[in-house]
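Novice: For reference, the file coords38.cif (mmCIF, C-alpha atoms and all ligand atoms) is included below:
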```cif
data_run
loop_
_atom_site.label_atom_id
_atom_site.label_comp_id
_atom_site.auth_asym_id
_atom_site.auth_seq_id
_atom_site.Cartn_x
_atom_site.Cartn_y
_atom_site.Cartn_z
CA ASP A 1 12.21 -4.31 -14.35
CA SER A 2 8.81 -3.52 -12.84
CA LEU A 3 8.39 -3.13 -9.11
CA LEU A 4 4.62 -3.17 -9.52
CA GLU A 5 2.65 -4.66 -12.36
CA PHE A 6 -1.07 -4.67 -13.12
CA ARG A 7 -1.81 -7.23 -15.81
CA ASN A 8 -5.13 -7.41 -17.68
CA ILE A 9 -7.10 -6.19 -14.69
CA ARG A 10 -10.87 -6.09 -14.87
CA VAL A 11 -12.93 -4.75 -11.94
CA VAL A 12 -16.70 -4.93 -11.66
CA TYR A 13 -18.81 -3.36 -8.89
CA ASP A 14 -21.97 -4.99 -7.64
CA ASN A 15 -24.07 -2.44 -9.52
CA ALA A 16 -22.64 -4.10 -12.68
CA ILE A 17 -20.45 -1.10 -13.53
CA GLU A 18 -17.30 -2.36 -15.20
CA ALA A 19 -15.01 0.28 -13.72
CA VAL A 20 -11.73 -1.15 -15.08
CA ARG A 21 -11.56 -3.11 -18.34
CA ASP A 22 -8.44 -5.06 -19.19
CA VAL A 23 -5.87 -2.58 -17.88
CA SER A 24 -2.16 -3.37 -17.83
CA ILE A 25 0.27 -1.01 -16.14
CA ALA A 26 3.94 -1.35 -15.27
CA VAL A 27 5.62 0.75 -12.60
CA PRO A 28 9.42 0.53 -12.81
CA GLU A 29 11.47 0.79 -9.65
CA GLY A 30 12.55 4.33 -8.86
CA GLY A 31 10.18 6.06 -11.26
CA ILE A 32 7.14 8.29 -11.06
CA VAL A 33 4.26 6.84 -13.06
CA ALA A 34 1.20 9.04 -13.64
CA LEU A 35 -2.27 7.53 -13.94
CA LEU A 36 -4.38 10.16 -15.68
CA GLY A 37 -7.94 10.60 -16.84
CA SER A 38 -11.14 12.43 -16.02
CA ASN A 39 -13.52 11.70 -13.17
CA GLY A 40 -14.96 8.19 -13.38
CA ALA A 41 -12.18 6.82 -15.62
CA GLY A 42 -11.29 4.10 -13.11
CA LYS A 43 -8.16 5.52 -11.51
CA SER A 44 -9.22 5.19 -7.86
CA THR A 45 -10.62 1.74 -8.53
CA LEU A 46 -7.20 0.63 -9.79
CA LEU A 47 -5.52 1.90 -6.63
CA LYS A 48 -8.15 0.21 -4.47
CA ALA A 49 -7.66 -3.01 -6.46
CA MET A 50 -4.12 -3.03 -5.10
CA SER A 51 -5.47 -3.94 -1.67
CA GLY A 52 -8.27 -5.84 -0.03
CA ILE A 53 -10.25 -2.63 0.52
CA LEU A 54 -11.95 -2.99 -2.86
CA TYR A 55 -14.10 -5.72 -1.32
CA THR A 56 -15.49 -3.29 1.25
CA GLU A 57 -17.05 -1.41 -1.67
CA GLU A 58 -18.44 -4.56 -3.30
CA GLY A 59 -15.85 -4.38 -6.05
CA VAL A 60 -14.46 -7.60 -7.47
CA ILE A 61 -11.40 -8.24 -9.60
CA GLU A 62 -12.88 -10.46 -12.29
CA SER A 63 -9.58 -11.25 -13.96
CA GLY A 64 -5.94 -10.29 -14.15
CA SER A 65 -3.17 -9.99 -11.61
CA ILE A 66 -1.42 -7.34 -9.52
CA ARG A 67 2.14 -8.16 -8.57
CA PHE A 68 4.56 -6.32 -6.34
CA ARG A 69 8.10 -7.70 -6.51
CA GLY A 70 6.56 -10.66 -8.28
CA GLU A 71 4.10 -11.44 -5.48
CA ASP A 72 0.34 -11.22 -5.75
CA VAL A 73 -0.93 -8.36 -3.57
CA HIS A 74 -4.55 -7.66 -4.51
CA HIS A 75 -6.07 -9.44 -1.51
CA LEU A 76 -3.92 -7.92 1.24
CA ALA A 77 -5.14 -5.72 4.09
CA PRO A 78 -3.63 -2.21 4.23
CA ASP A 79 -1.33 -3.03 7.16
CA GLU A 80 0.01 -6.10 5.35
CA LEU A 81 0.69 -3.94 2.28
CA VAL A 82 2.57 -1.51 4.53
CA ARG A 83 4.68 -4.37 5.85
CA ARG A 84 5.65 -5.24 2.27
CA GLY A 85 6.50 -1.65 1.39
CA ILE A 86 3.36 -0.27 -0.25
CA VAL A 87 1.50 2.68 1.19
CA GLN A 88 -1.44 4.58 -0.25
CA VAL A 89 -2.58 8.12 0.43
CA PRO A 90 -6.27 8.12 -0.44
CA GLU A 91 -8.07 11.09 -1.91
CA GLY A 92 -9.27 13.74 0.53
CA ARG A 93 -6.20 14.33 2.75
CA ARG A 94 -7.35 12.48 5.81
CA VAL A 95 -5.62 13.61 8.99
CA PHE A 96 -6.51 13.19 12.63
CA ALA A 97 -8.05 16.65 12.98
CA SER A 98 -7.85 16.97 16.76
CA LEU A 99 -4.25 15.79 17.07
CA THR A 100 -1.11 17.85 16.54
CA ILE A 101 1.08 17.50 13.47
CA GLU A 102 3.64 15.57 15.45
CA GLU A 103 1.02 13.23 16.94
CA ASN A 104 -0.35 12.60 13.46
CA LEU A 105 3.09 11.51 12.29
CA GLN A 106 3.55 9.28 15.30
CA MET A 107 0.28 7.52 14.41
CA GLY A 108 1.84 6.68 11.05
CA GLY A 109 4.77 4.92 12.70
CA TYR A 110 2.54 2.43 14.43
CA THR A 111 4.55 -0.68 13.64
CA ARG A 112 7.85 0.74 14.86
CA SER A 113 9.68 1.11 18.13
CA ASN A 114 9.62 4.60 19.65
CA ALA A 115 13.23 5.25 18.73
CA ALA A 116 12.73 4.11 15.13
CA ALA A 117 9.55 6.19 14.83
CA ARG A 118 11.37 9.28 16.13
CA GLU A 119 14.16 8.82 13.63
CA ARG A 120 11.67 8.39 10.84
CA ARG A 121 9.69 11.43 11.98
CA ASP A 122 12.79 13.61 11.80
CA LYS A 123 13.34 12.46 8.20
CA VAL A 124 9.77 13.45 7.37
CA PHE A 125 10.24 16.83 9.06
CA ALA A 126 13.37 17.34 6.93
CA LEU A 127 11.23 16.89 3.81
CA PHE A 128 8.50 19.20 5.09
CA PRO A 129 10.07 22.14 6.99
CA ARG A 130 6.64 23.80 7.31
CA LEU A 131 5.36 20.81 9.24
CA HIS A 132 8.41 20.90 11.46
CA GLU A 133 7.91 24.58 12.30
CA ARG A 134 4.31 23.88 13.25
CA ARG A 135 4.75 20.47 14.87
CA ASP A 136 2.67 21.36 17.97
CA GLN A 137 -0.29 22.82 16.09
CA ILE A 138 -3.62 21.06 15.76
CA ALA A 139 -3.91 19.46 12.32
CA GLY A 140 -7.57 20.39 11.88
CA TYR A 141 -6.71 24.08 11.83
CA MET A 142 -4.15 23.80 9.04
CA SER A 143 -4.75 24.78 5.40
CA GLY A 144 -5.71 22.15 2.82
CA GLY A 145 -2.20 22.14 1.40
CA GLU A 146 -0.61 21.58 4.78
CA GLN A 147 -3.06 18.79 5.55
CA GLN A 148 -2.15 17.14 2.26
CA MET A 149 1.55 17.37 3.16
CA LEU A 150 0.77 15.88 6.54
CA ALA A 151 -1.18 13.02 4.95
CA ILE A 152 1.82 12.27 2.72
CA GLY A 153 4.21 12.68 5.66
CA ARG A 154 2.22 10.23 7.72
CA ALA A 155 2.37 7.67 4.90
CA LEU A 156 6.14 8.17 4.69
CA MET A 157 6.44 7.16 8.34
CA THR A 158 6.09 3.56 7.13
CA ASP A 159 9.31 3.87 5.07
CA PRO A 160 7.64 2.60 1.87
CA LYS A 161 9.23 1.37 -1.35
CA LEU A 162 6.13 2.40 -3.26
CA LEU A 163 3.93 5.40 -2.54
CA ALA A 164 0.54 5.60 -4.27
CA LEU A 165 -1.11 9.03 -4.20
CA ASP A 166 -4.73 9.58 -5.17
CA GLU A 167 -5.15 13.14 -6.52
CA PRO A 168 -2.84 14.92 -4.07
CA SER A 169 -3.36 18.24 -5.91
CA LEU A 170 -7.17 18.19 -5.82
CA GLY A 171 -8.61 21.56 -4.83
CA LEU A 172 -5.24 23.16 -4.03
CA ALA A 173 -3.75 26.42 -5.32
CA PRO A 174 -1.04 26.17 -8.01
CA LEU A 175 1.76 27.33 -5.71
CA ILE A 176 0.87 24.72 -3.11
CA ILE A 177 0.72 22.03 -5.79
CA ASP A 178 4.24 23.05 -6.85
CA ARG A 179 5.47 22.49 -3.30
CA ILE A 180 3.83 19.09 -3.02
CA TYR A 181 5.20 18.05 -6.40
CA GLU A 182 8.70 19.20 -5.39
CA VAL A 183 8.54 16.81 -2.46
CA ILE A 184 7.37 13.95 -4.71
CA VAL A 185 10.37 14.56 -6.99
CA ARG A 186 12.70 14.50 -3.98
CA LEU A 187 11.19 11.18 -2.88
CA ARG A 188 12.23 9.71 -6.22
CA ASP A 189 15.59 11.43 -6.58
CA GLU A 190 16.90 11.44 -3.02
CA LEU A 191 15.07 8.57 -1.32
CA LYS A 192 14.86 6.30 -4.41
CA MET A 193 11.17 5.78 -3.84
CA THR A 194 8.76 4.64 -6.54
CA VAL A 195 5.62 6.72 -6.97
CA LEU A 196 2.26 5.96 -8.56
CA LEU A 197 0.58 9.33 -9.01
CA VAL A 198 -3.15 9.51 -9.81
CA GLU A 199 -4.23 12.89 -11.15
CA GLN A 200 -6.93 14.48 -13.30
CA ASN A 201 -4.64 17.38 -14.17
CA ALA A 202 -2.46 15.67 -16.78
CA GLN A 203 -0.37 18.67 -17.76
CA ARG A 204 0.97 19.24 -14.27
CA ALA A 205 1.47 15.59 -13.40
CA LEU A 206 3.41 14.99 -16.63
CA ASP A 207 5.81 17.74 -15.58
CA ILE A 208 7.21 15.49 -12.86
CA ALA A 209 6.34 11.98 -14.09
CA ASP A 210 8.61 9.68 -16.07
CA TYR A 211 5.84 7.70 -17.71
CA GLY A 212 2.09 8.13 -18.01
CA TYR A 213 -1.08 6.17 -18.70
CA ILE A 214 -4.30 7.89 -19.76
CA LEU A 215 -7.52 6.11 -18.83
CA GLU A 216 -10.96 6.63 -20.29
CA THR A 217 -14.04 4.73 -19.08
CA GLY A 218 -11.92 1.97 -17.62
CA ARG A 219 -9.45 1.50 -20.46
CA VAL A 220 -5.92 2.71 -21.16
CA VAL A 221 -6.33 4.84 -24.29
CA LEU A 222 -2.77 6.15 -24.43
CA ASP A 223 0.52 5.56 -22.67
CA GLY A 224 4.07 6.71 -23.17
CA THR A 225 6.93 8.67 -21.70
CA ALA A 226 5.78 11.80 -19.92
CA ARG A 227 7.67 13.92 -22.44
CA LYS A 228 5.83 12.33 -25.35
CA LEU A 229 2.41 12.52 -23.69
CA ALA A 230 2.94 16.15 -22.71
CA ALA A 231 3.77 17.00 -26.32
CA ASN A 232 0.51 15.36 -27.43
CA GLU A 233 -1.69 17.08 -24.87
P1 LIG A 301 -11.78 7.86 -11.01
O1 LIG A 301 -10.95 7.58 -9.83
O2 LIG A 301 -10.99 7.83 -12.29
O3 LIG A 301 -12.59 9.09 -10.86
P2 LIG A 301 -13.36 5.63 -10.10
O4 LIG A 301 -12.45 4.47 -10.04
O5 LIG A 301 -13.71 6.33 -8.86
O6 LIG A 301 -12.81 6.65 -11.20
O7 LIG A 301 -14.73 5.20 -10.78
C1 LIG A 301 -14.78 4.37 -11.97
C2 LIG A 301 -16.22 3.96 -12.20
O8 LIG A 301 -16.63 3.06 -11.16
C3 LIG A 301 -17.23 5.10 -12.17
O9 LIG A 301 -18.24 4.78 -13.09
C4 LIG A 301 -17.75 5.07 -10.72
O10 LIG A 301 -19.03 5.62 -10.63
C5 LIG A 301 -17.73 3.58 -10.44
N1 LIG A 301 -17.54 3.31 -8.99
C6 LIG A 301 -16.52 3.74 -8.23
N2 LIG A 301 -16.64 3.29 -6.97
C7 LIG A 301 -17.77 2.56 -6.94
C8 LIG A 301 -18.43 1.80 -5.93
N3 LIG A 301 -17.95 1.74 -4.68
N4 LIG A 301 -19.58 1.15 -6.24
C9 LIG A 301 -20.05 1.23 -7.50
N5 LIG A 301 -19.49 1.89 -8.52
C10 LIG A 301 -18.34 2.56 -8.25
P1 LIG A 302 -13.47 9.28 -7.27
O1 LIG A 302 -14.18 9.24 -8.59
O2 LIG A 302 -12.31 10.21 -7.30
O3 LIG A 302 -13.14 7.95 -6.71
P2 LIG A 302 -16.05 9.85 -6.23
O4 LIG A 302 -16.51 11.13 -5.62
O5 LIG A 302 -16.55 9.41 -7.55
O6 LIG A 302 -14.48 9.95 -6.22
O7 LIG A 302 -16.35 8.66 -5.20
C1 LIG A 302 -16.36 8.81 -3.83
C2 LIG A 302 -16.66 7.48 -3.19
O8 LIG A 302 -17.89 6.93 -3.70
C3 LIG A 302 -15.60 6.43 -3.51
O9 LIG A 302 -15.41 5.61 -2.40
C4 LIG A 302 -16.18 5.67 -4.69
O10 LIG A 302 -15.67 4.34 -4.76
C5 LIG A 302 -17.67 5.68 -4.36
N1 LIG A 302 -18.48 5.65 -5.59
C6 LIG A 302 -18.24 6.29 -6.75
N2 LIG A 302 -19.18 6.01 -7.67
C7 LIG A 302 -20.05 5.17 -7.06
C8 LIG A 302 -21.23 4.52 -7.49
N3 LIG A 302 -21.71 4.64 -8.75
N4 LIG A 302 -21.88 3.74 -6.61
C9 LIG A 302 -21.41 3.60 -5.35
N5 LIG A 302 -20.29 4.18 -4.90
C10 LIG A 302 -19.61 4.96 -5.74
#
```
Could you quickly redo this structure as structure tokens?
Specialist:
Amino acid sequence: DSLLEFRNIRVVYDNAIEAVRDVSIAVPEGGIVALLGSNGAGKSTLLKAMSGILYTEEGVIESGSIRFRGEDVHHLAPDELVRRGIVQVPEGRRVFASLTIEENLQMGGYTRSNAAARERRDKVFALFPRLHERRDQIAGYMSGGEQQMLAIGRALMTDPKLLALDEPSLGLAPLIIDRIYEVIVRLRDELKMTVLLVEQNAQRALDIADYGYILETGRVVLDGTARKLAANE
């Protein structure tokens, strides 16, 4: 059964670019689904279509539906998505550069009581020991890989059912990517989270994904189990 389902989605921007053309994607509960394809294929647009933020870029869903637990979600504001259990980590590892690691995490727990946020924060620290060791350091001085981990950690403060990551490995060294991917696998295996992973680097993403979709100029050109897609690469 799918936790999240895109059905026949078409997205057009106001410059008439048809960024997504009739895309259907199913994300089963408890799995890692990879959304792959080169720059401009429509991956980010699909993630943005999952929330009301697409409208801020003059993008319009012309047809199709996006359902999370059977409910339509495409029009919701980010904080409403969070309330329902969806959180997105956009491309570019955005952190509050002048705040400490710990303060950054606290910002992610905004809807919770202090006690609940502290409990949640300790769970995030358990996943990212490096962040725990450096909890009092200023985020802006950390390496790109640590900032990416912090961006993911902050999203996890909302205790999501579904985590959507837009190119978490972009611009990072292979060893750092391994560490980030290890955490993503633990989210699935230990915390039973569902992950939608957008990446350009198909080979690496298919190492940890269960299922993959390959997009090209707005269309799904291939999909299958990660094992099968990796063999075809
Ligand atoms: P990807 O994430 O796979 O790199 P995008 O979803 O960013 O692809 O882009 C898909 C297509 O939509 C590209 O042709 C891109 O130039 C276009 N596009 C993306 N964002 C906008 C926007 N805000 N306004 C107009 N066109 C856009
Ligand atoms: P990505 O392809 O990974 O989304 P880009 O560097 O293409 O990253 O896009 C960066 C930002 O510019 C995004 O917010 C995207 O939606 C927007 N954008 C991309 N292409 C266009 C375009 N043709 N016109 C206007 N905005 C665009």
Novice: Please, what distance in Å, to one decimal, runs between CA of Arg7 in chain A and CA of Arg69 in chain A?
Specialist: 13.6 Å
Novice: Which is closest to ligand LIG 301 (chain A) among A:Ser143, A:Ser65, A:Ser98, A:Asn201, if we use all atoms listed in the file?
Specialist: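 Closest candidate: A:Asn201.
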Novice: Just how far from CA of Gly218 in chain A is CA of Ala41 in chain A, in Å to one decimal?
Specialist: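 Computing the Euclidean distance for CA of Ala41 in chain A and CA of Gly218 in chain A yields 5.3 Å.
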Novice: Could you state the separation of atom N4 of ligand LIG 302 (chain A) and CA of Gln148 in chain A in Å, given to one decimal place?
Specialist: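 One can read the atom N4 of ligand LIG 302 (chain A) to CA of Gln148 in chain A distance as 25.4 Å.
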Novice: Write as a PyMOL selection string the residues around ligand LIG 301 (chain A), taking 12 Å as the cut-off and counting only C-alpha atoms and all ligand atoms.
Specialist: chain A and resi 10-21+35-49+53-60+90-91+165-167+170+197-201+213-220
Novice: Could you write out the selected residues, including C-alpha atoms, as a JSON list (two decimals), in the frame of the given file?
Specialist:
```json
[["chain", "number", "residue", "atom", "x", "y", "z"],
["A", 10, "ARG", "CA", -10.87, -6.09, -14.87],
["A", 11, "VAL", "CA", -12.93, -4.75, -11.94],
["A", 12, "VAL", "CA", -16.70, -4.93, -11.66],
["A", 13, "TYR", "CA", -18.81, -3.36, -8.89],
["A", 14, "ASP", "CA", -21.97, -4.99, -7.64],
["A", 15, "ASN", "CA", -24.07, -2.44, -9.52],
["A", 16, "ALA", "CA", -22.64, -4.10, -12.68],
["A", 17, "ILE", "CA", -20.45, -1.10, -13.53],
["A", 18, "GLU", "CA", -17.30, -2.36, -15.20],
["A", 19, "ALA", "CA", -15.01, 0.28, -13.72],
["A", 20, "VAL", "CA", -11.73, -1.15, -15.08],
["A", 21, "ARG", "CA", -11.56, -3.11, -18.34],
["A", 35, "LEU", "CA", -2.27, 7.53, -13.94],
["A", 36, "LEU", "CA", -4.38, 10.16, -15.68],
["A", 37, "GLY", "CA", -7.94, 10.60, -16.84],
["A", 38, "SER", "CA", -11.14, 12.43, -16.02],
["A", 39, "ASN", "CA", -13.52, 11.70, -13.17],
["A", 40, "GLY", "CA", -14.96, 8.19, -13.38],
["A", 41, "ALA", "CA", -12.18, 6.82, -15.62],
["A", 42, "GLY", "CA", -11.29, 4.10, -13.11],
["A", 43, "LYS", "CA", -8.16, 5.52, -11.51],
["A", 44, "SER", "CA", -9.22, 5.19, -7.86],
["A", 45, "THR", "CA", -10.62, 1.74, -8.53],
["A", 46, "LEU", "CA", -7.20, 0.63, -9.79],
["A", 47, "LEU", "CA", -5.52, 1.90, -6.63],
["A", 48, "LYS", "CA", -8.15, 0.21, -4.47],
["A", 49, "ALA", "CA", -7.66, -3.01, -6.46],
["A", 53, "ILE", "CA", -10.25, -2.63, 0.52],
["A", 54, "LEU", "CA", -11.95, -2.99, -2.86],
["A", 55, "TYR", "CA", -14.10, -5.72, -1.32],
["A", 56, "THR", "CA", -15.49, -3.29, 1.25],
["A", 57, "GLU", "CA", -17.05, -1.41, -1.67],
["A", 58, "GLU", "CA", -18.44, -4.56, -3.30],
["A", 59, "GLY", "CA", -15.85, -4.38, -6.05],
["A", 60, "VAL", "CA", -14.46, -7.60, -7.47],
["A", 90, "PRO", "CA", -6.27, 8.12, -0.44],
["A", 91, "GLU", "CA", -8.07, 11.09, -1.91],
["A", 165, "LEU", "CA", -1.11, 9.03, -4.20],
["A", 166, "ASP", "CA", -4.73, 9.58, -5.17],
["A", 167, "GLU", "CA", -5.15, 13.14, -6.52],
["A", 170, "LEU", "CA", -7.17, 18.19, -5.82],
["A", 197, "LEU", "CA", 0.58, 9.33, -9.01],
["A", 198, "VAL", "CA", -3.15, 9.51, -9.81],
["A", 199, "GLU", "CA", -4.23, 12.89, -11.15],
["A", 200, "GLN", "CA", -6.93, 14.48, -13.30],
["A", 201, "ASN", "CA", -4.64, 17.38, -14.17],
["A", 213, "TYR", "CA", -1.08, 6.17, -18.70],
["A", 214, "ILE", "CA", -4.30, 7.89, -19.76],
["A", 215, "LEU", "CA", -7.52, 6.11, -18.83],
["A", 216, "GLU", "CA", -10.96, 6.63, -20.29],
["A", 217, "THR", "CA", -14.04, 4.73, -19.08],
["A", 218, "GLY", "CA", -11.92, 1.97, -17.62],
["A", 219, "ARG", "CA", -9.45, 1.50, -20.46],
["A", 220, "VAL", "CA", -5.92, 2.71, -21.16]]
```
Novice: Pick from A:Leu3, A:Ala34, A:Met142, A:Leu222: nearest to Pro168 in chain A, with only C-alpha atoms counted?
Specialist: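 Among the listed residues, the smallest separation from Pro168 in chain A belongs to A:Ala34.
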Novice: Is it possible to get the axis-aligned box enclosing range 137-143 of chain A (all listed atoms, 6 Å extra per side) as AutoDock Vina command-line options, with centre and edge lengths in Å rounded to one decimal?
Specialist:
```
--center_x -3.9 --center_y 22.1 --center_z 10.7 --size_x 19.3 --size_y 17.3 --size_z 22.7
```
Novice: Rank A:Gly212, A:Val73, A:Leu127, A:Leu196 by their smallest atom-to-atom distance to Gly224 in chain A, using all atoms listed in the file, and report the top residue only.
Specialist: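 Under the stated criterion, the closest residue is A:Gly212.
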Novice: Can you spit out range 158-172 of chain A with N, CA and C atoms, as a PDB file, in the first residue's frame, from the structure just given?
Specialist:
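Listed below is the output, part-v6.pdb:
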```
ATOM      1  N   THR A 158      10.742  17.145  13.549  1.00  0.00           N
ATOM      2  CA  THR A 158       9.276  17.159  13.416  1.00  0.00           C
ATOM      3  C   THR A 158       8.681  15.759  13.539  1.00  0.00           C
ATOM      4  N   ASP A 159       9.538  14.733  13.716  1.00  0.00           N
ATOM      5  CA  ASP A 159       9.067  13.353  13.845  1.00  0.00           C
ATOM      6  C   ASP A 159       8.202  12.930  12.646  1.00  0.00           C
ATOM      7  N   PRO A 160       8.761  13.035  11.432  1.00  0.00           N
ATOM      8  CA  PRO A 160       7.959  12.785  10.231  1.00  0.00           C
ATOM      9  C   PRO A 160       7.705  11.305   9.958  1.00  0.00           C
ATOM     10  N   LYS A 161       6.660  11.043   9.204  1.00  0.00           N
ATOM     11  CA  LYS A 161       6.423   9.707   8.635  1.00  0.00           C
ATOM     12  C   LYS A 161       7.188   9.602   7.327  1.00  0.00           C
ATOM     13  N   LEU A 162       7.194  10.732   6.601  1.00  0.00           N
ATOM     14  CA  LEU A 162       7.831  10.757   5.287  1.00  0.00           C
ATOM     15  C   LEU A 162       8.837  11.888   5.200  1.00  0.00           C
ATOM     16  N   LEU A 163      10.070  11.527   4.825  1.00  0.00           N
ATOM     17  CA  LEU A 163      11.137  12.504   4.671  1.00  0.00           C
ATOM     18  C   LEU A 163      11.482  12.590   3.187  1.00  0.00           C
ATOM     19  N   ALA A 164      11.399  13.799   2.626  1.00  0.00           N
ATOM     20  CA  ALA A 164      11.772  13.995   1.220  1.00  0.00           C
ATOM     21  C   ALA A 164      13.059  14.796   1.163  1.00  0.00           C
ATOM     22  N   LEU A 165      14.074  14.231   0.516  1.00  0.00           N
ATOM     23  CA  LEU A 165      15.400  14.856   0.483  1.00  0.00           C
ATOM     24  C   LEU A 165      15.750  15.247  -0.936  1.00  0.00           C
ATOM     25  N   ASP A 166      16.060  16.515  -1.153  1.00  0.00           N
ATOM     26  CA  ASP A 166      16.437  16.962  -2.498  1.00  0.00           C
ATOM     27  C   ASP A 166      17.961  17.042  -2.616  1.00  0.00           C
ATOM     28  N   GLU A 167      18.532  16.061  -3.296  1.00  0.00           N
ATOM     29  CA  GLU A 167      19.978  15.970  -3.565  1.00  0.00           C
ATOM     30  C   GLU A 167      20.861  16.184  -2.328  1.00  0.00           C
ATOM     31  N   PRO A 168      20.679  15.338  -1.313  1.00  0.00           N
ATOM     32  CA  PRO A 168      21.479  15.504  -0.092  1.00  0.00           C
ATOM     33  C   PRO A 168      22.980  15.293  -0.325  1.00  0.00           C
ATOM     34  N   SER A 169      23.361  14.620  -1.419  1.00  0.00           N
ATOM     35  CA  SER A 169      24.786  14.321  -1.629  1.00  0.00           C
ATOM     36  C   SER A 169      25.483  15.365  -2.492  1.00  0.00           C
ATOM     37  N   LEU A 170      24.732  16.343  -2.974  1.00  0.00           N
ATOM     38  CA  LEU A 170      25.283  17.302  -3.942  1.00  0.00           C
ATOM     39  C   LEU A 170      26.538  18.002  -3.416  1.00  0.00           C
ATOM     40  N   GLY A 171      27.628  17.891  -4.160  1.00  0.00           N
ATOM     41  CA  GLY A 171      28.860  18.598  -3.837  1.00  0.00           C
ATOM     42  C   GLY A 171      29.643  18.033  -2.658  1.00  0.00           C
ATOM     43  N   LEU A 172      29.270  16.856  -2.165  1.00  0.00           N
ATOM     44  CA  LEU A 172      29.975  16.307  -1.002  1.00  0.00           C
ATOM     45  C   LEU A 172      30.929  15.181  -1.406  1.00  0.00           C
TER      46      LEU A 172
END
```
